[in-house]
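Pasted below: start13.pdb, PDB, C-alpha atoms, pLDDT in the B column.
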```
MODEL        1
ATOM      1  CA  MET A  29      65.367 109.969  88.637  1.00 96.00           C
ATOM      2  CA  THR A  30      67.044 110.496  85.266  1.00 97.00           C
ATOM      3  CA  LEU A  31      65.017 109.451  82.265  1.00 97.00           C
ATOM      4  CA  PRO A  32      66.736 107.772  79.315  1.00 97.00           C
ATOM      5  CA  PRO A  33      67.868 110.105  76.541  1.00 97.00           C
ATOM      6  CA  PRO A  34      65.710 110.287  73.444  1.00 97.00           C
ATOM      7  CA  SER A  35      66.843 108.608  70.283  1.00 98.00           C
ATOM      8  CA  LEU A  36      66.990 110.251  66.868  1.00 98.00           C
ATOM      9  CA  GLU A  37      65.526 109.269  63.515  1.00 98.00           C
ATOM     10  CA  HIS A  38      67.155 110.715  60.393  1.00 98.00           C
ATOM     11  CA  LEU A  39      64.494 112.696  58.548  1.00 98.00           C
ATOM     12  CA  CYS A  40      66.283 114.297  55.598  1.00 98.00           C
ATOM     13  CA  ASP A  41      69.252 116.236  54.238  1.00 98.00           C
ATOM     14  CA  LEU A  42      68.873 119.657  52.679  1.00 98.00           C
ATOM     15  CA  ALA A  43      71.146 121.400  50.201  1.00 98.00           C
ATOM     16  CA  VAL A  44      69.942 125.016  50.267  1.00 98.00           C
ATOM     17  CA  THR A  45      71.075 127.491  47.629  1.00 97.00           C
ATOM     18  CA  ILE A  46      71.482 131.134  48.582  1.00 96.00           C
ATOM     19  CA  ALA A  47      72.056 134.536  47.020  1.00 95.00           C
ATOM     20  CA  ALA A  48      74.486 137.232  48.131  1.00 92.00           C
ATOM     21  CA  PRO A  49      73.859 138.508  51.664  1.00 92.00           C
ATOM     22  CA  VAL A  50      71.953 141.712  52.231  1.00 96.00           C
ATOM     23  CA  GLU A  51      73.948 143.597  54.842  1.00 95.00           C
ATOM     24  CA  VAL A  52      71.416 145.373  57.062  1.00 97.00           C
ATOM     25  CA  GLY A  53      74.076 146.822  59.363  1.00 96.00           C
ATOM     26  CA  HIS A  54      74.678 147.307  63.069  1.00 95.00           C
ATOM     27  CA  THR A  55      71.608 147.725  65.252  1.00 96.00           C
ATOM     28  CA  PRO A  56      71.403 147.982  69.061  1.00 96.00           C
ATOM     29  CA  ALA A  57      70.963 144.171  69.074  1.00 96.00           C
ATOM     30  CA  GLY A  58      74.060 143.450  66.937  1.00 96.00           C
ATOM     31  CA  LEU A  59      75.007 143.061  63.276  1.00 95.00           C
ATOM     32  CA  ARG A  60      72.004 142.129  61.131  1.00 97.00           C
ATOM     33  CA  ARG A  61      72.220 140.304  57.798  1.00 96.00           C
ATOM     34  CA  MET A  62      69.616 138.697  55.557  1.00 97.00           C
ATOM     35  CA  ILE A  63      70.547 135.805  53.282  1.00 96.00           C
ATOM     36  CA  PRO A  64      68.012 135.179  50.468  1.00 97.00           C
ATOM     37  CA  ILE A  65      67.147 131.503  49.896  1.00 98.00           C
ATOM     38  CA  THR A  66      66.922 130.728  46.183  1.00 98.00           C
ATOM     39  CA  GLY A  67      66.037 127.009  46.230  1.00 98.00           C
ATOM     40  CA  GLY A  68      67.495 123.639  47.047  1.00 98.00           C
ATOM     41  CA  THR A  69      66.886 119.935  47.392  1.00 98.00           C
ATOM     42  CA  VAL A  70      65.535 117.725  50.172  1.00 98.00           C
ATOM     43  CA  THR A  71      66.502 114.057  50.199  1.00 98.00           C
ATOM     44  CA  GLY A  72      66.184 111.420  52.860  1.00 98.00           C
ATOM     45  CA  PRO A  73      64.450 108.426  54.311  1.00 98.00           C
ATOM     46  CA  ARG A  74      61.306 110.363  55.382  1.00 98.00           C
ATOM     47  CA  LEU A  75      61.167 113.583  53.307  1.00 98.00           C
ATOM     48  CA  ASN A  76      62.005 114.253  49.659  1.00 98.00           C
ATOM     49  CA  GLY A  77      61.333 117.335  47.592  1.00 98.00           C
ATOM     50  CA  LYS A  78      62.673 120.790  46.966  1.00 98.00           C
ATOM     51  CA  VAL A  79      63.216 124.050  48.784  1.00 98.00           C
ATOM     52  CA  LEU A  80      61.198 126.781  47.107  1.00 98.00           C
ATOM     53  CA  ALA A  81      62.764 130.132  46.274  1.00 98.00           C
ATOM     54  CA  GLY A  82      61.632 133.107  48.321  1.00 97.00           C
ATOM     55  CA  GLY A  83      62.711 132.251  51.849  1.00 98.00           C
ATOM     56  CA  ALA A  84      65.439 133.956  53.826  1.00 98.00           C
ATOM     57  CA  ASP A  85      67.831 133.447  56.708  1.00 97.00           C
ATOM     58  CA  PHE A  86      67.789 136.411  59.093  1.00 98.00           C
ATOM     59  CA  GLN A  87      71.048 136.573  61.018  1.00 97.00           C
ATOM     60  CA  LEU A  88      72.145 138.329  64.195  1.00 97.00           C
ATOM     61  CA  ILE A  89      75.928 138.334  64.520  1.00 95.00           C
ATOM     62  CA  LEU A  90      77.348 138.720  68.053  1.00 95.00           C
ATOM     63  CA  GLY A  91      80.584 138.157  69.956  1.00 89.00           C
ATOM     64  CA  GLU A  92      82.620 140.335  67.597  1.00 86.00           C
ATOM     65  CA  GLY A  93      81.483 138.061  64.789  1.00 89.00           C
ATOM     66  CA  THR A  94      82.040 134.667  66.390  1.00 95.00           C
ATOM     67  CA  GLN A  95      78.375 133.842  67.080  1.00 96.00           C
ATOM     68  CA  ALA A  96      75.640 133.781  64.462  1.00 96.00           C
ATOM     69  CA  HIS A  97      72.077 133.434  65.683  1.00 98.00           C
ATOM     70  CA  LEU A  98      70.079 132.309  62.648  1.00 98.00           C
ATOM     71  CA  ASP A  99      66.363 132.379  61.898  1.00 98.00           C
ATOM     72  CA  ALA A 100      65.613 130.849  58.494  1.00 98.00           C
ATOM     73  CA  ARG A 101      62.084 130.685  57.117  1.00 98.00           C
ATOM     74  CA  TYR A 102      61.233 128.892  53.897  1.00 98.00           C
ATOM     75  CA  VAL A 103      58.904 126.377  52.252  1.00 98.00           C
ATOM     76  CA  ILE A 104      59.608 122.802  51.196  1.00 98.00           C
ATOM     77  CA  GLU A 105      57.514 121.269  48.420  1.00 98.00           C
ATOM     78  CA  LEU A 106      57.458 117.503  48.864  1.00 98.00           C
ATOM     79  CA  ASP A 107      57.440 115.063  45.959  1.00 98.00           C
ATOM     80  CA  ASP A 108      53.686 114.534  46.356  1.00 98.00           C
ATOM     81  CA  GLY A 109      53.040 118.292  46.006  1.00 98.00           C
ATOM     82  CA  SER A 110      52.394 118.900  49.706  1.00 98.00           C
ATOM     83  CA  ARG A 111      54.051 121.939  51.219  1.00 98.00           C
ATOM     84  CA  VAL A 112      55.789 122.262  54.555  1.00 98.00           C
ATOM     85  CA  PHE A 113      56.608 125.592  56.211  1.00 98.00           C
ATOM     86  CA  VAL A 114      59.994 125.553  57.938  1.00 98.00           C
ATOM     87  CA  GLN A 115      61.200 127.896  60.658  1.00 98.00           C
ATOM     88  CA  ASN A 116      64.717 126.871  61.537  1.00 98.00           C
ATOM     89  CA  THR A 117      66.540 128.636  64.356  1.00 98.00           C
ATOM     90  CA  ALA A 118      70.216 127.865  64.734  1.00 98.00           C
ATOM     91  CA  LEU A 119      73.432 128.771  66.486  1.00 98.00           C
ATOM     92  CA  ARG A 120      76.709 128.853  64.608  1.00 97.00           C
ATOM     93  CA  VAL A 121      79.891 129.466  66.608  1.00 97.00           C
ATOM     94  CA  ALA A 122      83.356 129.743  65.089  1.00 96.00           C
ATOM     95  CA  SER A 123      86.653 131.454  65.680  1.00 96.00           C
ATOM     96  CA  LEU A 124      86.892 135.078  64.574  1.00 93.00           C
ATOM     97  CA  GLU A 125      89.016 134.025  61.577  1.00 94.00           C
ATOM     98  CA  ASN A 126      86.558 131.327  60.461  1.00 94.00           C
ATOM     99  CA  SER A 127      83.585 133.624  61.075  1.00 91.00           C
ATOM    100  CA  GLN A 128      85.110 136.263  58.825  1.00 89.00           C
ATOM    101  CA  ARG A 129      85.764 133.647  56.132  1.00 90.00           C
ATOM    102  CA  ILE A 130      82.141 132.462  56.327  1.00 88.00           C
ATOM    103  CA  MET A 131      80.832 136.033  56.070  1.00 82.00           C
ATOM    104  CA  GLN A 132      83.068 136.597  53.019  1.00 86.00           C
ATOM    105  CA  GLY A 133      81.766 133.423  51.349  1.00 84.00           C
ATOM    106  CA  GLN A 134      85.024 131.486  51.733  1.00 89.00           C
ATOM    107  CA  PRO A 135      85.304 127.797  52.701  1.00 90.00           C
ATOM    108  CA  VAL A 136      86.179 126.770  56.252  1.00 92.00           C
ATOM    109  CA  ASN A 137      87.021 123.499  57.980  1.00 92.00           C
ATOM    110  CA  THR A 138      83.612 122.303  59.199  1.00 89.00           C
ATOM    111  CA  ASP A 139      85.207 120.476  62.139  1.00 93.00           C
ATOM    112  CA  GLU A 140      86.057 123.911  63.561  1.00 96.00           C
ATOM    113  CA  VAL A 141      82.493 125.270  63.451  1.00 96.00           C
ATOM    114  CA  TYR A 142      79.625 124.477  65.845  1.00 98.00           C
ATOM    115  CA  PHE A 143      76.380 124.630  63.830  1.00 97.00           C
ATOM    116  CA  ARG A 144      73.226 123.176  65.400  1.00 98.00           C
ATOM    117  CA  CYS A 145      69.592 123.915  64.657  1.00 98.00           C
ATOM    118  CA  GLN A 146      66.040 123.408  65.864  1.00 98.00           C
ATOM    119  CA  PRO A 147      63.728 123.216  62.838  1.00 98.00           C
ATOM    120  CA  LYS A 148      59.999 123.557  63.368  1.00 98.00           C
ATOM    121  CA  LEU A 149      57.955 121.985  60.571  1.00 98.00           C
ATOM    122  CA  GLU A 150      54.331 122.829  59.757  1.00 98.00           C
ATOM    123  CA  ALA A 151      52.605 120.461  57.343  1.00 97.00           C
ATOM    124  CA  THR A 152      49.586 121.426  55.246  1.00 94.00           C
ATOM    125  CA  THR A 153      48.062 118.000  54.559  1.00 97.00           C
ATOM    126  CA  PRO A 154      46.826 115.127  56.761  1.00 97.00           C
ATOM    127  CA  ALA A 155      49.398 112.698  55.333  1.00 96.00           C
ATOM    128  CA  TRP A 156      52.168 114.802  56.853  1.00 98.00           C
ATOM    129  CA  ALA A 157      50.397 115.792  60.102  1.00 97.00           C
ATOM    130  CA  TRP A 158      52.979 113.867  62.141  1.00 98.00           C
ATOM    131  CA  LEU A 159      55.441 116.673  61.296  1.00 98.00           C
ATOM    132  CA  ASN A 160      53.257 119.024  63.354  1.00 97.00           C
ATOM    133  CA  GLU A 161      53.423 116.649  66.312  1.00 97.00           C
ATOM    134  CA  SER A 162      57.163 116.053  66.514  1.00 98.00           C
ATOM    135  CA  GLN A 163      60.295 117.841  67.673  1.00 98.00           C
ATOM    136  CA  PHE A 164      63.339 118.084  65.422  1.00 98.00           C
ATOM    137  CA  ILE A 165      67.000 118.959  65.761  1.00 98.00           C
ATOM    138  CA  GLY A 166      69.729 119.183  63.197  1.00 98.00           C
ATOM    139  CA  THR A 167      73.256 119.937  62.208  1.00 98.00           C
ATOM    140  CA  GLY A 168      74.496 122.329  59.584  1.00 97.00           C
ATOM    141  CA  ARG A 169      77.429 123.317  57.434  1.00 95.00           C
ATOM    142  CA  ARG A 170      77.856 126.634  55.645  1.00 90.00           C
ATOM    143  CA  ALA A 171      79.619 126.445  52.287  1.00 89.00           C
ATOM    144  CA  PRO A 172      80.457 129.292  49.903  1.00 84.00           C
ATOM    145  CA  ASP A 173      77.569 128.335  47.607  1.00 83.00           C
ATOM    146  CA  GLY A 174      74.939 127.310  50.142  1.00 92.00           C
ATOM    147  CA  VAL A 175      73.965 125.664  53.387  1.00 95.00           C
ATOM    148  CA  PHE A 176      73.812 121.927  54.036  1.00 97.00           C
ATOM    149  CA  LEU A 177      71.567 120.644  56.804  1.00 98.00           C
ATOM    150  CA  SER A 178      70.600 117.270  58.264  1.00 98.00           C
ATOM    151  CA  PHE A 179      67.319 117.086  60.202  1.00 98.00           C
ATOM    152  CA  TYR A 180      66.480 114.457  62.832  1.00 98.00           C
ATOM    153  CA  ARG A 181      63.195 113.634  64.537  1.00 98.00           C
ATOM    154  CA  VAL A 182      63.490 113.339  68.300  1.00 98.00           C
ATOM    155  CA  LEU A 183      61.807 110.071  69.304  1.00 97.00           C
TER     156      LEU A 183
ENDMDL
END
```
Any chance you could put this one into structure tokens?
Amino acid sequence: MTLPPPSLEHLCDLAVTIAAPVEVGHTPAGLRRMIPITGGTVTGPRLNGKVLAGGADFQLILGEGTQAHLDARYVIELDDGSRVFVQNTALRVASLENSQRIMQGQPVNTDEVYFRCQPKLEATTPAWAWLNESQFIGTGRRAPDGVFLSFYRVL
């Protein structure tokens, strides 16, 4: 018996600012890069606040550059002062040409890039405990000056 698909509730949109990539280099696992997170904003129907500086997106680039496996870790400070730890794993797939443009900080047509994520949110206060008890998914877009994400709660 097939169960009905879950529905989604829009949680928030993030505009994350970043610094220049730190090129780690080629390892046995693939090309490693680290993108420092310098801040950002969080706006939406359920969460509002800011992304604190000090996080990073650790990337593993595979498929001759066409696949980016992302592991971003950062902290959101909500408008009420509460803090939420975010670990967001993602997969970004693009053509070799678009992947090279992204890695060089150039704009690409977002319709040609698959960018989906699975954020895990850890709240620090009882008012936000429901974040610890929910699953989330999201979509993303890489721009030359940052990353734009939309998070959804799976109901």
At most 9 Å from (65.5, 126.1, 48.3), file frame, only C-alpha atoms: which residues, as an MDAnalysis selection string?
chainID A and resid 42:46 65:70 78:83 102:104
Produce the centre coordinates and the three edge lengths, each in Å to one decimal, of the box along x, y and z that contains all listed atoms of range 122-133 of chain A with 6 Å added on each side, as AutoDock Vina command-line options.
```
--center_x 84.9 --center_y 133.2 --center_z 58.5 --size_x 20.2 --size_y 18.9 --size_z 26.3
```
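From CA of Tyr142 in chain A back to CA of Gly168 in chain A, the distance works out to 8.4 Å.
Residue nearest Arg74 in chain A within the list A:Arg120, A:Arg144, A:Arg60, A:Arg181: A:Arg181 [criterion: smallest interatomic distance, only C-alpha atoms].
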Excluding same-chain residues fewer than 5 positions from range 88-90 of chain A, what lies within 8 Å of it counting all atoms listed in the file, as a PyMOL selection string?
chain A and resi 57-61+95-98
Could the residues in this selection be saved with C-alpha atoms as a PDB file, in the frame of the given file?
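And here is the file that came out, selection.pdb:
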```pdb
ATOM      1  CA  ALA A  57      70.963 144.171  69.074  1.00 96.00           C
ATOM      2  CA  GLY A  58      74.060 143.450  66.937  1.00 96.00           C
ATOM      3  CA  LEU A  59      75.007 143.061  63.276  1.00 95.00           C
ATOM      4  CA  ARG A  60      72.004 142.129  61.131  1.00 97.00           C
ATOM      5  CA  ARG A  61      72.220 140.304  57.798  1.00 96.00           C
ATOM      6  CA  GLN A  95      78.375 133.842  67.080  1.00 96.00           C
ATOM      7  CA  ALA A  96      75.640 133.781  64.462  1.00 96.00           C
ATOM      8  CA  HIS A  97      72.077 133.434  65.683  1.00 98.00           C
ATOM      9  CA  LEU A  98      70.079 132.309  62.648  1.00 98.00           C
TER      10      LEU A  98
END
```
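Our summary of the geometry notes that CA of Ser110 in chain A is positioned 13.4 Å from CA of Trp158 in chain A.
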Given the point (76.7, 124.8, 66.0) in the coordinates of this file, which residues lie within 12 Å, counting all atoms listed in the file, and how would they look as a PDB file with C-alpha atoms, in the frame of the given file?
```
ATOM      1  CA  THR A  94      82.040 134.667  66.390  1.00 95.00           C
ATOM      2  CA  GLN A  95      78.375 133.842  67.080  1.00 96.00           C
ATOM      3  CA  ALA A  96      75.640 133.781  64.462  1.00 96.00           C
ATOM      4  CA  HIS A  97      72.077 133.434  65.683  1.00 98.00           C
ATOM      5  CA  LEU A  98      70.079 132.309  62.648  1.00 98.00           C
ATOM      6  CA  THR A 117      66.540 128.636  64.356  1.00 98.00           C
ATOM      7  CA  ALA A 118      70.216 127.865  64.734  1.00 98.00           C
ATOM      8  CA  LEU A 119      73.432 128.771  66.486  1.00 98.00           C
ATOM      9  CA  ARG A 120      76.709 128.853  64.608  1.00 97.00           C
ATOM     10  CA  VAL A 121      79.891 129.466  66.608  1.00 97.00           C
ATOM     11  CA  ALA A 122      83.356 129.743  65.089  1.00 96.00           C
ATOM     12  CA  SER A 123      86.653 131.454  65.680  1.00 96.00           C
ATOM     13  CA  THR A 138      83.612 122.303  59.199  1.00 89.00           C
ATOM     14  CA  ASP A 139      85.207 120.476  62.139  1.00 93.00           C
ATOM     15  CA  GLU A 140      86.057 123.911  63.561  1.00 96.00           C
ATOM     16  CA  VAL A 141      82.493 125.270  63.451  1.00 96.00           C
ATOM     17  CA  TYR A 142      79.625 124.477  65.845  1.00 98.00           C
ATOM     18  CA  PHE A 143      76.380 124.630  63.830  1.00 97.00           C
ATOM     19  CA  ARG A 144      73.226 123.176  65.400  1.00 98.00           C
ATOM     20  CA  CYS A 145      69.592 123.915  64.657  1.00 98.00           C
ATOM     21  CA  GLN A 146      66.040 123.408  65.864  1.00 98.00           C
ATOM     22  CA  ILE A 165      67.000 118.959  65.761  1.00 98.00           C
ATOM     23  CA  GLY A 166      69.729 119.183  63.197  1.00 98.00           C
ATOM     24  CA  THR A 167      73.256 119.937  62.208  1.00 98.00           C
ATOM     25  CA  GLY A 168      74.496 122.329  59.584  1.00 97.00           C
ATOM     26  CA  ARG A 169      77.429 123.317  57.434  1.00 95.00           C
ATOM     27  CA  ARG A 170      77.856 126.634  55.645  1.00 90.00           C
ATOM     28  CA  LEU A 177      71.567 120.644  56.804  1.00 98.00           C
TER      29      LEU A 177
END
```
Measuring between only C-alpha atoms, which one of A:Asp108, A:Glu150, A:Glu92, A:Glu51 shows the shortest distance to Gly77 in chain A?
A:Asp108
Pull out every residue that the PyMOL selection byres ((chain A and resi 148) around 8) matches in the shown coordinates and put them as a ChimeraX atom specification.
/A:114-116,146-147,149-150,163-164
Using Å and a single decimal, report how far CA of Ala47 in chain A sits from CA of Gly174 in chain A.
8.4 Å
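Closest approach to Val52 in chain A among A:Gln87, A:Leu31, A:Leu39, A:Asn76 is made by A:Gln87 (distances from all atoms listed in the file).
Compared by their closest atoms to His38 in chain A, and using only C-alpha atoms, the residues A:Trp156, A:Phe86, A:Phe179, A:Phe113 rank with A:Phe179 nearest.
Among A:Ala171, A:Leu75, A:Leu183, A:Val112, the residue with the shortest atom-to-atom distance to Gln132 in chain A, counting only C-alpha atoms, is A:Ala171.
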Quick one: everything within 9 Å of Met131 in chain A, counting all atoms listed in the file, minus sequence neighbours fewer than 5 positions away in the same chain. Send it as a PyMOL selection string.
chain A and resi 49+93+126
Using only C-alpha atoms, which of A:Pro154, A:Pro172, A:Pro56, A:Gly91 sits nearest Arg129 in chain A?
A:Pro172
Contacts of Ser35 in chain A within 10 Å, all atoms listed in the file, excl. fewer than 2 positions in-chain, as a list in words
Pro32, Pro33, Glu37, Tyr180, Arg181, Val182 and Leu183 of chain A
